[in-house]
$ cat final.cif   # mmCIF, C-alpha atoms and all ligand atoms
data_my_file
loop_
_atom_site.label_atom_id
_atom_site.label_comp_id
_atom_site.auth_asym_id
_atom_site.auth_seq_id
_atom_site.Cartn_x
_atom_site.Cartn_y
_atom_site.Cartn_z
CA MET A 1 152.67 23.52 -95.98
CA LEU A 2 152.30 19.74 -96.23
CA ASP A 3 153.02 18.34 -99.63
CA LEU A 4 151.90 15.31 -101.59
CA SER A 5 154.22 12.56 -102.77
CA ASN A 6 155.84 12.93 -106.16
CA LYS A 7 153.91 9.83 -107.16
CA ALA A 8 150.55 11.42 -106.35
CA LYS A 9 151.65 14.63 -108.02
CA GLY A 10 152.68 12.67 -111.10
CA PHE A 11 149.14 12.16 -112.40
CA SER A 12 145.80 13.94 -112.37
CA GLU A 13 142.39 12.95 -111.21
CA SER A 14 140.53 10.52 -113.50
CA VAL A 15 138.77 12.45 -116.24
CA ILE A 16 136.42 9.52 -116.85
CA ARG A 17 135.10 9.65 -113.30
CA GLU A 18 135.04 13.45 -113.38
CA MET A 19 132.82 13.41 -116.48
CA THR A 20 130.38 11.15 -114.64
CA ARG A 21 130.11 13.69 -111.83
CA LEU A 22 129.64 16.48 -114.34
CA ALA A 23 126.95 14.50 -116.20
CA ARG A 24 125.09 14.02 -112.91
CA ALA A 25 125.33 17.69 -112.05
CA HIS A 26 123.85 18.68 -115.43
CA GLY A 27 121.35 15.83 -115.75
CA ALA A 28 123.12 14.82 -118.99
CA ILE A 29 123.01 11.35 -120.52
CA ASN A 30 126.23 9.74 -119.33
CA LEU A 31 128.07 8.17 -122.26
CA ALA A 32 131.35 8.93 -120.49
CA GLN A 33 132.13 6.27 -117.89
CA GLY A 34 131.61 2.76 -119.24
CA PHE A 35 128.98 1.16 -117.03
CA PRO A 36 125.55 -0.28 -117.88
CA ASP A 37 122.29 1.53 -117.14
CA PHE A 38 120.43 -1.79 -117.42
CA GLY A 39 119.98 -4.54 -114.85
CA ALA A 40 122.27 -7.47 -114.07
CA PRO A 41 121.08 -11.08 -114.64
CA GLU A 42 118.48 -12.11 -112.05
CA ALA A 43 120.27 -15.37 -111.17
CA ILE A 44 123.42 -13.65 -110.01
CA LYS A 45 121.60 -10.96 -108.04
CA GLU A 46 119.68 -13.75 -106.31
CA ALA A 47 122.94 -15.58 -105.56
CA ALA A 48 124.35 -12.41 -103.96
CA ARG A 49 121.23 -11.93 -101.83
CA ARG A 50 121.37 -15.59 -100.77
CA ALA A 51 125.04 -15.38 -99.81
CA ILE A 52 124.37 -12.41 -97.53
CA ALA A 53 121.31 -14.10 -96.01
CA ASP A 54 123.42 -17.19 -95.40
CA ASP A 55 125.92 -15.02 -93.54
CA LEU A 56 128.81 -15.27 -95.94
CA ASN A 57 129.71 -11.89 -94.56
CA GLN A 58 133.25 -12.33 -93.28
CA TYR A 59 136.56 -12.24 -95.14
CA ALA A 60 136.96 -14.76 -97.89
CA ILE A 61 140.44 -16.28 -98.28
CA THR A 62 142.56 -13.28 -99.18
CA TRP A 63 143.30 -14.48 -102.74
CA GLY A 64 139.69 -15.50 -103.35
CA SER A 65 137.14 -18.08 -102.25
CA ALA A 66 137.92 -21.60 -103.41
CA GLY A 67 134.59 -21.74 -105.23
CA LEU A 68 135.24 -18.62 -107.31
CA ARG A 69 138.84 -19.55 -108.10
CA GLY A 70 137.62 -22.96 -109.24
CA ALA A 71 134.97 -21.35 -111.46
CA ILE A 72 137.55 -18.97 -112.99
CA ALA A 73 139.91 -21.86 -113.81
CA ALA A 74 137.06 -23.99 -115.20
CA LYS A 75 135.85 -21.20 -117.51
CA ALA A 76 139.37 -20.51 -118.84
CA GLU A 77 139.72 -24.20 -119.63
CA ARG A 78 136.24 -24.51 -121.16
CA LEU A 79 136.61 -21.48 -123.44
CA TYR A 80 140.27 -21.43 -124.34
CA GLY A 81 141.75 -24.75 -123.25
CA MET A 82 143.92 -22.97 -120.66
CA GLU A 83 145.20 -25.17 -117.86
CA VAL A 84 144.91 -23.12 -114.68
CA ASP A 85 145.54 -24.45 -111.18
CA PRO A 86 143.04 -22.56 -108.98
CA GLU A 87 145.17 -23.27 -105.91
CA ARG A 88 148.31 -21.63 -107.27
CA GLN A 89 147.45 -19.48 -110.28
CA VAL A 90 144.40 -17.36 -109.50
CA THR A 91 144.13 -14.19 -107.39
CA VAL A 92 140.70 -12.64 -106.88
CA THR A 93 140.90 -8.86 -106.57
CA CYS A 94 138.72 -5.75 -106.21
CA GLY A 95 137.96 -5.44 -109.90
CA ALA A 96 140.32 -5.66 -112.87
CA THR A 97 141.65 -2.28 -111.72
CA GLU A 98 143.21 -3.80 -108.62
CA ALA A 99 144.32 -6.89 -110.53
CA MET A 100 146.32 -4.65 -112.87
CA ILE A 101 147.95 -2.44 -110.24
CA ALA A 102 148.68 -5.34 -107.87
CA SER A 103 150.28 -7.30 -110.74
CA ILE A 104 152.39 -4.39 -111.90
CA LEU A 105 153.53 -3.63 -108.34
CA ALA A 106 154.39 -7.29 -107.83
CA ILE A 107 156.43 -7.66 -111.01
CA VAL A 108 157.84 -4.26 -112.03
CA ASP A 109 160.59 -2.39 -110.19
CA PRO A 110 161.16 1.37 -110.18
CA GLY A 111 163.11 2.27 -113.30
CA ASP A 112 161.88 -0.73 -115.29
CA GLU A 113 160.20 0.06 -118.58
CA VAL A 114 156.64 -0.93 -119.45
CA VAL A 115 155.34 -0.76 -123.03
CA VAL A 116 151.87 0.77 -123.38
CA PHE A 117 149.84 1.09 -126.57
CA GLU A 118 148.48 4.59 -127.07
CA PRO A 119 145.64 5.61 -126.91
CA PHE A 120 145.35 3.71 -123.64
CA TYR A 121 142.78 3.23 -120.90
CA GLU A 122 143.38 6.09 -118.50
CA ASN A 123 144.33 3.92 -115.49
CA TYR A 124 147.45 2.45 -117.09
CA GLY A 125 149.32 5.77 -116.84
CA PRO A 126 148.93 6.20 -113.05
CA ASP A 127 149.49 2.43 -112.64
CA ALA A 128 152.93 2.81 -114.19
CA ILE A 129 153.72 5.95 -112.15
CA LEU A 130 152.69 4.32 -108.86
CA ALA A 131 155.01 1.41 -109.65
CA GLY A 132 157.82 3.83 -110.50
CA ALA A 133 157.92 2.34 -113.99
CA VAL A 134 158.89 4.23 -117.12
CA PRO A 135 156.12 3.89 -119.72
CA ARG A 136 157.15 3.53 -123.39
CA PHE A 137 154.26 4.43 -125.65
CA VAL A 138 153.59 2.78 -128.99
CA PRO A 139 150.92 4.41 -131.17
CA LEU A 140 147.85 2.64 -132.51
CA ARG A 141 146.69 4.49 -135.61
CA ALA A 142 143.18 5.09 -136.93
CA PRO A 143 141.16 3.92 -138.74
CA ASP A 144 141.96 0.30 -137.82
CA TRP A 145 144.18 1.21 -134.86
CA SER A 146 147.00 -1.06 -135.96
CA PHE A 147 150.59 -0.58 -134.81
CA ASP A 148 153.80 -0.49 -136.78
CA PRO A 149 155.70 -3.71 -135.89
CA GLU A 150 159.00 -1.86 -136.18
CA GLU A 151 157.87 0.85 -133.79
CA LEU A 152 156.79 -1.84 -131.35
CA ALA A 153 160.11 -3.68 -131.66
CA ALA A 154 161.99 -0.42 -131.09
CA ALA A 155 160.15 0.10 -127.78
CA PHE A 156 161.68 -3.07 -126.30
CA ASN A 157 165.14 -3.21 -124.74
CA SER A 158 166.96 -4.82 -121.83
CA LYS A 159 165.15 -2.55 -119.33
CA THR A 160 161.68 -3.61 -120.54
CA ARG A 161 159.93 -5.62 -117.88
CA GLY A 162 156.32 -5.55 -119.06
CA ILE A 163 153.82 -4.69 -121.75
CA ILE A 164 150.20 -3.76 -121.12
CA LEU A 165 147.78 -5.23 -123.62
CA ASN A 166 144.03 -4.60 -123.70
CA THR A 167 142.03 -6.54 -126.27
CA PRO A 168 139.20 -5.94 -127.10
CA ASN A 169 140.49 -2.43 -126.56
CA ASN A 170 139.34 0.55 -124.57
CA PRO A 171 139.07 3.26 -125.96
CA THR A 172 139.52 2.27 -129.64
CA GLY A 173 137.34 -0.85 -129.90
CA LYS A 174 140.21 -2.60 -131.65
CA VAL A 175 140.45 -6.39 -131.45
CA PHE A 176 144.11 -7.34 -131.87
CA THR A 177 144.53 -9.89 -134.68
CA PRO A 178 146.24 -13.26 -134.09
CA GLU A 179 149.21 -11.97 -136.15
CA GLU A 180 149.52 -8.86 -134.00
CA LEU A 181 149.33 -10.95 -130.84
CA GLU A 182 152.08 -13.19 -132.20
CA ALA A 183 154.26 -10.15 -132.93
CA ILE A 184 153.81 -9.00 -129.32
CA ALA A 185 154.45 -12.50 -127.97
CA ALA A 186 157.65 -12.84 -130.02
CA LEU A 187 159.01 -9.63 -128.45
CA CYS A 188 157.99 -10.78 -124.95
CA ARG A 189 159.88 -14.04 -125.50
CA LYS A 190 162.90 -12.30 -127.01
CA TRP A 191 163.28 -9.75 -124.21
CA ASP A 192 161.96 -11.91 -121.36
CA VAL A 193 159.01 -9.59 -120.74
CA VAL A 194 155.73 -10.11 -118.87
CA CYS A 195 152.47 -9.30 -120.66
CA PHE A 196 149.78 -7.72 -118.48
CA SER A 197 146.73 -8.62 -120.53
CA ASP A 198 143.47 -6.88 -119.65
CA GLU A 199 140.75 -9.01 -121.29
CA ILE A 200 137.72 -7.55 -119.57
CA TYR A 201 135.79 -7.11 -122.86
CA GLU A 202 136.42 -10.71 -123.99
CA HIS A 203 132.72 -11.38 -124.63
CA ILE A 204 131.86 -8.06 -126.24
CA LEU A 205 132.83 -8.79 -129.85
CA TYR A 206 131.21 -7.91 -133.19
CA ASP A 207 131.19 -9.07 -136.77
CA GLY A 208 132.56 -12.55 -136.10
CA ALA A 209 135.65 -11.37 -134.16
CA ARG A 210 137.14 -14.02 -131.88
CA HIS A 211 138.94 -13.48 -128.58
CA VAL A 212 142.39 -15.04 -128.28
CA PRO A 213 144.01 -14.82 -124.84
CA ILE A 214 147.70 -14.05 -125.42
CA ALA A 215 148.51 -16.55 -122.65
CA THR A 216 147.50 -19.34 -125.07
CA LEU A 217 150.28 -18.42 -127.55
CA GLU A 218 153.46 -20.44 -127.54
CA GLY A 219 155.80 -19.59 -124.68
CA MET A 220 153.35 -17.07 -123.17
CA GLU A 221 151.63 -19.14 -120.50
CA ASP A 222 154.23 -18.40 -117.84
CA ARG A 223 154.87 -14.79 -118.85
CA THR A 224 151.29 -13.52 -119.04
CA VAL A 225 149.08 -12.11 -116.32
CA THR A 226 145.54 -12.56 -117.66
CA ILE A 227 143.25 -10.00 -116.07
CA ASN A 228 139.47 -10.04 -116.06
CA ALA A 229 136.42 -9.27 -113.90
CA LEU A 230 132.71 -9.83 -113.46
CA SER A 231 132.08 -6.13 -114.18
CA LYS A 232 131.48 -5.89 -117.91
CA THR A 233 130.44 -9.44 -118.78
CA TYR A 234 127.74 -9.62 -116.12
CA SER A 235 126.90 -5.90 -115.88
CA VAL A 236 128.02 -5.49 -112.25
CA THR A 237 130.73 -2.83 -112.44
CA GLY A 238 129.97 -1.68 -108.88
CA TRP A 239 130.63 -5.07 -107.34
CA ARG A 240 134.40 -4.79 -107.76
CA VAL A 241 135.20 -8.45 -108.29
CA GLY A 242 138.08 -9.19 -110.65
CA TRP A 243 141.00 -11.56 -110.94
CA ALA A 244 144.47 -12.26 -112.27
CA ILE A 245 145.59 -15.60 -113.70
CA ALA A 246 149.37 -16.11 -113.79
CA SER A 247 152.11 -18.69 -113.24
CA PRO A 248 152.48 -19.92 -109.64
CA GLU A 249 155.69 -17.85 -109.26
CA LEU A 250 154.10 -14.59 -110.41
CA THR A 251 150.89 -15.39 -108.52
CA ALA A 252 152.81 -15.68 -105.24
CA GLY A 253 153.91 -12.06 -105.64
CA ILE A 254 150.55 -10.79 -106.87
CA ARG A 255 148.78 -12.40 -103.90
CA LYS A 256 151.11 -10.73 -101.41
CA VAL A 257 150.64 -7.28 -102.91
CA HIS A 258 146.88 -7.80 -103.22
CA ASP A 259 146.61 -8.88 -99.59
CA PHE A 260 148.25 -5.73 -98.26
CA LEU A 261 146.39 -3.46 -100.66
CA THR A 262 142.84 -4.64 -100.01
CA VAL A 263 142.84 -8.00 -98.11
CA GLY A 264 140.11 -9.23 -100.41
CA ALA A 265 137.09 -8.67 -102.60
CA ALA A 266 133.54 -8.69 -101.19
CA ALA A 267 132.89 -12.24 -99.94
CA PRO A 268 129.16 -12.60 -100.77
CA LEU A 269 129.74 -11.19 -104.25
CA GLN A 270 132.44 -13.78 -104.85
CA GLU A 271 129.78 -16.44 -104.23
CA ALA A 272 127.53 -14.78 -106.80
CA GLY A 273 130.52 -14.85 -109.13
CA VAL A 274 130.47 -18.64 -109.08
CA VAL A 275 126.93 -18.55 -110.47
CA ALA A 276 127.92 -15.89 -113.03
CA LEU A 277 130.89 -17.83 -114.40
CA GLY A 278 128.73 -20.91 -114.72
CA MET A 279 126.25 -19.21 -117.07
CA GLU A 280 125.31 -21.03 -120.28
CA GLU A 281 127.02 -20.14 -123.56
CA ALA A 282 123.72 -18.66 -124.77
CA TYR A 283 124.14 -15.85 -122.25
CA TYR A 284 127.37 -14.66 -123.89
CA ALA A 285 125.95 -14.95 -127.40
CA LYS A 286 122.97 -12.81 -126.41
CA LEU A 287 125.23 -10.27 -124.70
CA ALA A 288 127.21 -9.79 -127.92
CA VAL A 289 124.07 -9.51 -130.08
CA GLU A 290 122.58 -6.90 -127.77
CA TYR A 291 125.80 -4.90 -127.73
CA ARG A 292 125.94 -4.97 -131.52
CA GLU A 293 122.51 -3.38 -131.67
CA ARG A 294 123.59 -0.67 -129.24
CA ARG A 295 126.79 -0.09 -131.21
CA ASP A 296 124.90 0.28 -134.47
CA VAL A 297 122.45 2.80 -133.03
CA LEU A 298 125.21 4.99 -131.65
CA VAL A 299 127.56 4.72 -134.65
CA ALA A 300 124.72 5.76 -136.97
CA GLY A 301 123.75 8.60 -134.64
CA LEU A 302 127.30 9.90 -134.38
CA LEU A 303 127.84 9.82 -138.15
CA ASP A 304 124.52 11.52 -138.63
CA ALA A 305 125.46 14.25 -136.17
CA GLY A 306 128.71 14.94 -138.03
CA PHE A 307 131.35 12.90 -136.16
CA HIS A 308 133.80 10.66 -137.98
CA CYS A 309 134.13 7.14 -136.60
CA THR A 310 134.39 3.51 -137.64
CA PRO A 311 132.36 0.80 -135.90
CA PRO A 312 134.44 -0.83 -133.16
CA GLY A 313 135.25 -4.54 -133.53
CA GLY A 314 134.87 -5.14 -129.80
CA ALA A 315 134.36 -3.55 -126.37
CA TYR A 316 131.74 -0.83 -125.91
CA TYR A 317 133.38 2.45 -126.83
CA ILE A 318 133.57 4.65 -129.90
CA LEU A 319 136.51 7.01 -130.19
CA ALA A 320 135.01 9.60 -132.50
CA ASP A 321 136.69 12.41 -134.39
CA ALA A 322 135.02 15.75 -133.82
CA SER A 323 137.11 17.79 -136.29
CA ALA A 324 133.98 18.61 -138.30
CA PHE A 325 132.84 20.78 -135.39
CA GLY A 326 136.06 22.75 -135.55
CA VAL A 327 137.19 21.27 -132.25
CA SER A 328 140.66 22.20 -131.08
CA ASP A 329 140.10 21.70 -127.35
CA ASP A 330 138.50 18.33 -126.59
CA VAL A 331 138.02 19.14 -122.90
CA ALA A 332 136.10 22.35 -123.59
CA PHE A 333 134.10 20.56 -126.30
CA ALA A 334 133.19 17.66 -123.98
CA ARG A 335 132.14 20.06 -121.23
CA LYS A 336 130.07 22.04 -123.70
CA MET A 337 128.39 18.83 -124.84
CA VAL A 338 127.42 18.04 -121.25
CA ALA A 339 126.09 21.51 -120.51
CA GLU A 340 124.47 22.41 -123.83
CA VAL A 341 123.66 19.15 -125.63
CA GLY A 342 123.00 17.00 -122.56
CA VAL A 343 125.28 14.12 -123.59
CA ALA A 344 128.54 13.39 -121.73
CA PRO A 345 131.56 11.93 -123.57
CA VAL A 346 135.16 11.60 -122.34
CA PRO A 347 137.67 14.07 -123.84
CA GLY A 348 140.07 12.21 -126.13
CA SER A 349 143.21 13.68 -124.55
CA SER A 350 142.61 11.50 -121.45
CA PHE A 351 143.82 8.52 -123.46
CA PHE A 352 147.14 10.01 -124.62
CA ARG A 353 150.35 10.88 -122.82
CA GLU A 354 150.71 13.93 -125.02
CA PRO A 355 147.25 15.58 -124.74
CA SER A 356 147.60 17.26 -128.15
CA ARG A 357 147.17 13.89 -129.85
CA GLY A 358 143.63 13.55 -128.53
CA ARG A 359 142.50 17.14 -129.00
CA SER A 360 139.98 16.44 -131.77
CA LEU A 361 138.68 13.18 -130.24
CA VAL A 362 135.94 12.27 -127.79
CA ARG A 363 135.01 8.81 -126.51
CA PHE A 364 131.41 7.62 -126.22
CA ALA A 365 130.47 4.52 -124.19
CA PHE A 366 127.38 2.55 -125.16
CA PRO A 367 126.59 0.02 -122.41
CA LYS A 368 123.15 1.63 -122.26
CA LYS A 369 119.52 0.75 -122.93
CA LEU A 370 118.50 1.35 -126.55
CA GLU A 371 116.10 4.02 -125.33
CA THR A 372 118.99 5.82 -123.62
CA LEU A 373 121.07 5.67 -126.78
CA ARG A 374 118.17 6.84 -128.93
CA ALA A 375 117.59 9.76 -126.60
CA ALA A 376 121.30 10.60 -126.81
CA VAL A 377 121.22 10.40 -130.62
CA GLU A 378 118.23 12.74 -130.63
CA ARG A 379 120.17 15.26 -128.52
CA LEU A 380 123.28 14.94 -130.68
CA ARG A 381 121.25 16.29 -133.61
CA GLY A 382 121.40 19.59 -131.77
CA LEU A 383 125.15 19.87 -132.32
CA ALA A 384 125.81 22.56 -134.85
CA HIS A 385 128.60 22.16 -137.40
N1 LIG B 401 136.35 1.01 -117.89
C1 LIG B 401 135.36 2.03 -117.78
C2 LIG B 401 135.70 3.20 -118.65
O1 LIG B 401 136.70 3.23 -119.30
C3 LIG B 401 135.15 2.52 -116.38
C4 LIG B 401 136.33 2.33 -115.53
C5 LIG B 401 136.18 2.98 -114.21
O2 LIG B 401 135.75 4.11 -114.14
N2 LIG B 401 136.57 2.28 -113.21
O3 LIG B 401 134.92 4.10 -118.71
#

$ encode --input "final.cif" --output "structure tokens"
Amino acid sequence: MLDLSNKAKGFSESVIREMTRLARAHGAINLAQGFPDFGAPEAIKEAARRAIADDLNQYAITWGSAGLRGAIAAKAERLYGMEVDPERQVTVTCGATEAMIASILAIVDPGDEVVVFEPFYENYGPDAILAGAVPRFVPLRAPDWSFDPEELAAAFNSKTRGIILNTPNNPTGKVFTPEELEAIAALCRKWDVVCFSDEIYEHILYDGARHVPIATLEGMEDRTVTINALSKTYSVTGWRVGWAIASPELTAGIRKVHDFLTVGAAAPLQEAGVVALGMEEAYYAKLAVEYRERRDVLVAGLLDAGFHCTPPGGAYYILADASAFGVSDDVAFARKMVAEVGVAPVPGSSFFREPSRGRSLVRFAFPKKLETLRAAVERLRGLAH
């Protein structure tokens, strides 16, 4: 009997993706996997069509076309005053997902420890296992999902090589405050640790929240891998174009790993990325306003239906407490919601190492048309409690 590697046996199939398949099978409204059900901006779709028509159909440079790397560096400078050399500090990858795993593989050795805030985006667990790293979990606690600075400090030691940060955060919607970022940065400096910073929701912010890349904090520029993608900001999650910004030394390693993992991201879509990253500021302002409206519709609907939740400060997820429905098994509850209510969430346990901590929680994603969200809210009324 042929066996799988211990690595592959060390984690299970993605529950987020599984819920999408289940939603399809039942014709349920998919509020599980976080992807938009509305169109992408016309200008970038046109740019993609043009690139294919112009026969930009062969490999781009493995670490990204010069045009896209230039646009990534220019945007980081324009928004945050970051100085990024596109020749030596940018790696274009197949989505933020590949940027994260390639960076971890390039920087973390088996046995090294990586600090992960919990609840965490599902992928970070398998990322750590594939790299042979030992994850050290630090809890974020509701309702504001803050961490205890002493607990965080206690998670660092001489074996710590990295910390994974995701702000605005999936699944909690937390936006880490400047003080919290400084506390993290101080520990990274003290223990000589690299911060893998997933900033994919940087433009999806509410109620005046501001995005601060941790790389812009003192002493963090050379010890941060800043990860992002076209996916969420330009509503093209299926394009799989992301990137990592890091020091030239770290970038050299990330580029090597990336090259042997995937060679490169889709060449014509990289060209469209240049147009995307050059969008006017008004585009981002409108994106945030539209997401706020979606958030407010779903938060109100969830409260109305009997869930407990607080409005997220950023990103497009609500981690809702379903205790009022007497839920003790989040997976069974989520499956029942798909089959009987016609709305698919993600079971909360997917975001915790110890599944029991997420047993009364479910995550709803709201990158959806208002009509989709209203239809979901209507269906949620059918939940008895
Ligand atoms: N980030 C999205 C989520 O959490 C989707 C990620 C994915 O499935 N690749 O739902």

$ residues_around --input "final.cif" --residues "region 245-254 of chain A" --least-positions-apart "6" --cutoff "10 Å" --atoms "all atoms listed in the file" --output "count of residues only"
36

$ residues_near_ligand --input "final.cif" --ligand "ligand LIG 401 (chain B)" --cutoff "6 Å" --atoms "all atoms listed in the file" --output "JSON, numbers by chain"
{"A": [16, 17, 33, 34]}

$ residues_around --input "final.cif" --residues "Val175 (chain A)" --least-positions-apart "4" --cutoff "7 Å" --atoms "all atoms listed in the file" --output "PyMOL selection string"
chain A and resi 167-169+313-314

$ write_last_selection --input "final.cif" --atoms "C-alpha atoms" --output "PDB file, keeping the file's coordinate frame"
ATOM      1  CA  THR A 167     142.030  -6.540-126.270  1.00  0.00           C
ATOM      2  CA  PRO A 168     139.200  -5.940-127.100  1.00  0.00           C
ATOM      3  CA  ASN A 169     140.490  -2.430-126.560  1.00  0.00           C
ATOM      4  CA  GLY A 313     135.250  -4.540-133.530  1.00  0.00           C
ATOM      5  CA  GLY A 314     134.870  -5.140-129.800  1.00  0.00           C
TER       6      GLY A 314
END

$ atom_distance --input "final.cif" --atom1 "CA of Arg292 (chain A)" --atom2 "CA of Tyr206 (chain A)"
6.3 Å

$ atom_distance --input "final.cif" --atom1 "CA of Ala142 (chain A)" --atom2 "CA of Arg357 (chain A)"
12.0 Å

$ residues_around --input "final.cif" --residues "region 123-129 of chain A" --least-positions-apart "3" --cutoff "8 Å" --atoms "only C-alpha atoms" --output "NGL selection string"
:A and (7 or 10-11 or 14 or 97 or 100-101 or 104 or 114 or 116 or 120 or 132-135 or 164 or 353)

$ atom_distance --input "final.cif" --atom1 "CA of Ala40 (chain A)" --atom2 "CA of Gly301 (chain A)"
26.1 Å

$ decode --input "final.cif" --residues "region 166-178 of chain A" --atoms "N, CA and C atoms" --output "PDB file, in the first residue's frame"
ATOM      1  N   ASN A 166      -1.428  39.212   9.512  1.00  0.00           N
ATOM      2  CA  ASN A 166      -2.398  39.456   8.444  1.00  0.00           C
ATOM      3  C   ASN A 166      -3.315  40.585   8.915  1.00  0.00           C
ATOM      4  N   THR A 167      -3.066  41.776   8.375  1.00  0.00           N
ATOM      5  CA  THR A 167      -3.884  42.932   8.730  1.00  0.00           C
ATOM      6  C   THR A 167      -4.164  43.749   7.480  1.00  0.00           C
ATOM      7  N   PRO A 168      -5.441  44.138   7.256  1.00  0.00           N
ATOM      8  CA  PRO A 168      -6.671  43.707   7.903  1.00  0.00           C
ATOM      9  C   PRO A 168      -6.785  42.177   7.877  1.00  0.00           C
ATOM     10  N   ASN A 169      -7.428  41.653   8.916  1.00  0.00           N
ATOM     11  CA  ASN A 169      -7.318  40.226   9.211  1.00  0.00           C
ATOM     12  C   ASN A 169      -8.480  39.364   8.710  1.00  0.00           C
ATOM     13  N   ASN A 170      -8.100  38.234   8.185  1.00  0.00           N
ATOM     14  CA  ASN A 170      -9.004  37.144   7.854  1.00  0.00           C
ATOM     15  C   ASN A 170      -8.752  36.081   8.922  1.00  0.00           C
ATOM     16  N   PRO A 171      -9.719  35.615   9.693  1.00  0.00           N
ATOM     17  CA  PRO A 171     -11.160  35.761   9.531  1.00  0.00           C
ATOM     18  C   PRO A 171     -11.822  36.803  10.447  1.00  0.00           C
ATOM     19  N   THR A 172     -11.049  37.514  11.275  1.00  0.00           N
ATOM     20  CA  THR A 172     -11.699  38.315  12.332  1.00  0.00           C
ATOM     21  C   THR A 172     -12.131  39.705  11.889  1.00  0.00           C
ATOM     22  N   GLY A 173     -11.532  40.233  10.820  1.00  0.00           N
ATOM     23  CA  GLY A 173     -11.820  41.607  10.408  1.00  0.00           C
ATOM     24  C   GLY A 173     -11.060  42.633  11.227  1.00  0.00           C
ATOM     25  N   LYS A 174     -10.172  42.149  12.083  1.00  0.00           N
ATOM     26  CA  LYS A 174      -9.387  43.072  12.909  1.00  0.00           C
ATOM     27  C   LYS A 174      -8.375  43.859  12.072  1.00  0.00           C
ATOM     28  N   VAL A 175      -8.231  45.151  12.406  1.00  0.00           N
ATOM     29  CA  VAL A 175      -7.144  45.947  11.836  1.00  0.00           C
ATOM     30  C   VAL A 175      -6.177  46.209  12.986  1.00  0.00           C
ATOM     31  N   PHE A 176      -4.983  45.675  12.902  1.00  0.00           N
ATOM     32  CA  PHE A 176      -4.013  45.843  13.994  1.00  0.00           C
ATOM     33  C   PHE A 176      -3.701  47.332  14.168  1.00  0.00           C
ATOM     34  N   THR A 177      -3.681  47.794  15.416  1.00  0.00           N
ATOM     35  CA  THR A 177      -3.425  49.212  15.687  1.00  0.00           C
ATOM     36  C   THR A 177      -1.930  49.495  15.554  1.00  0.00           C
ATOM     37  N   PRO A 178      -1.564  50.780  15.354  1.00  0.00           N
ATOM     38  CA  PRO A 178      -0.133  51.118  15.280  1.00  0.00           C
ATOM     39  C   PRO A 178       0.631  50.646  16.526  1.00  0.00           C
TER      40      PRO A 178
END
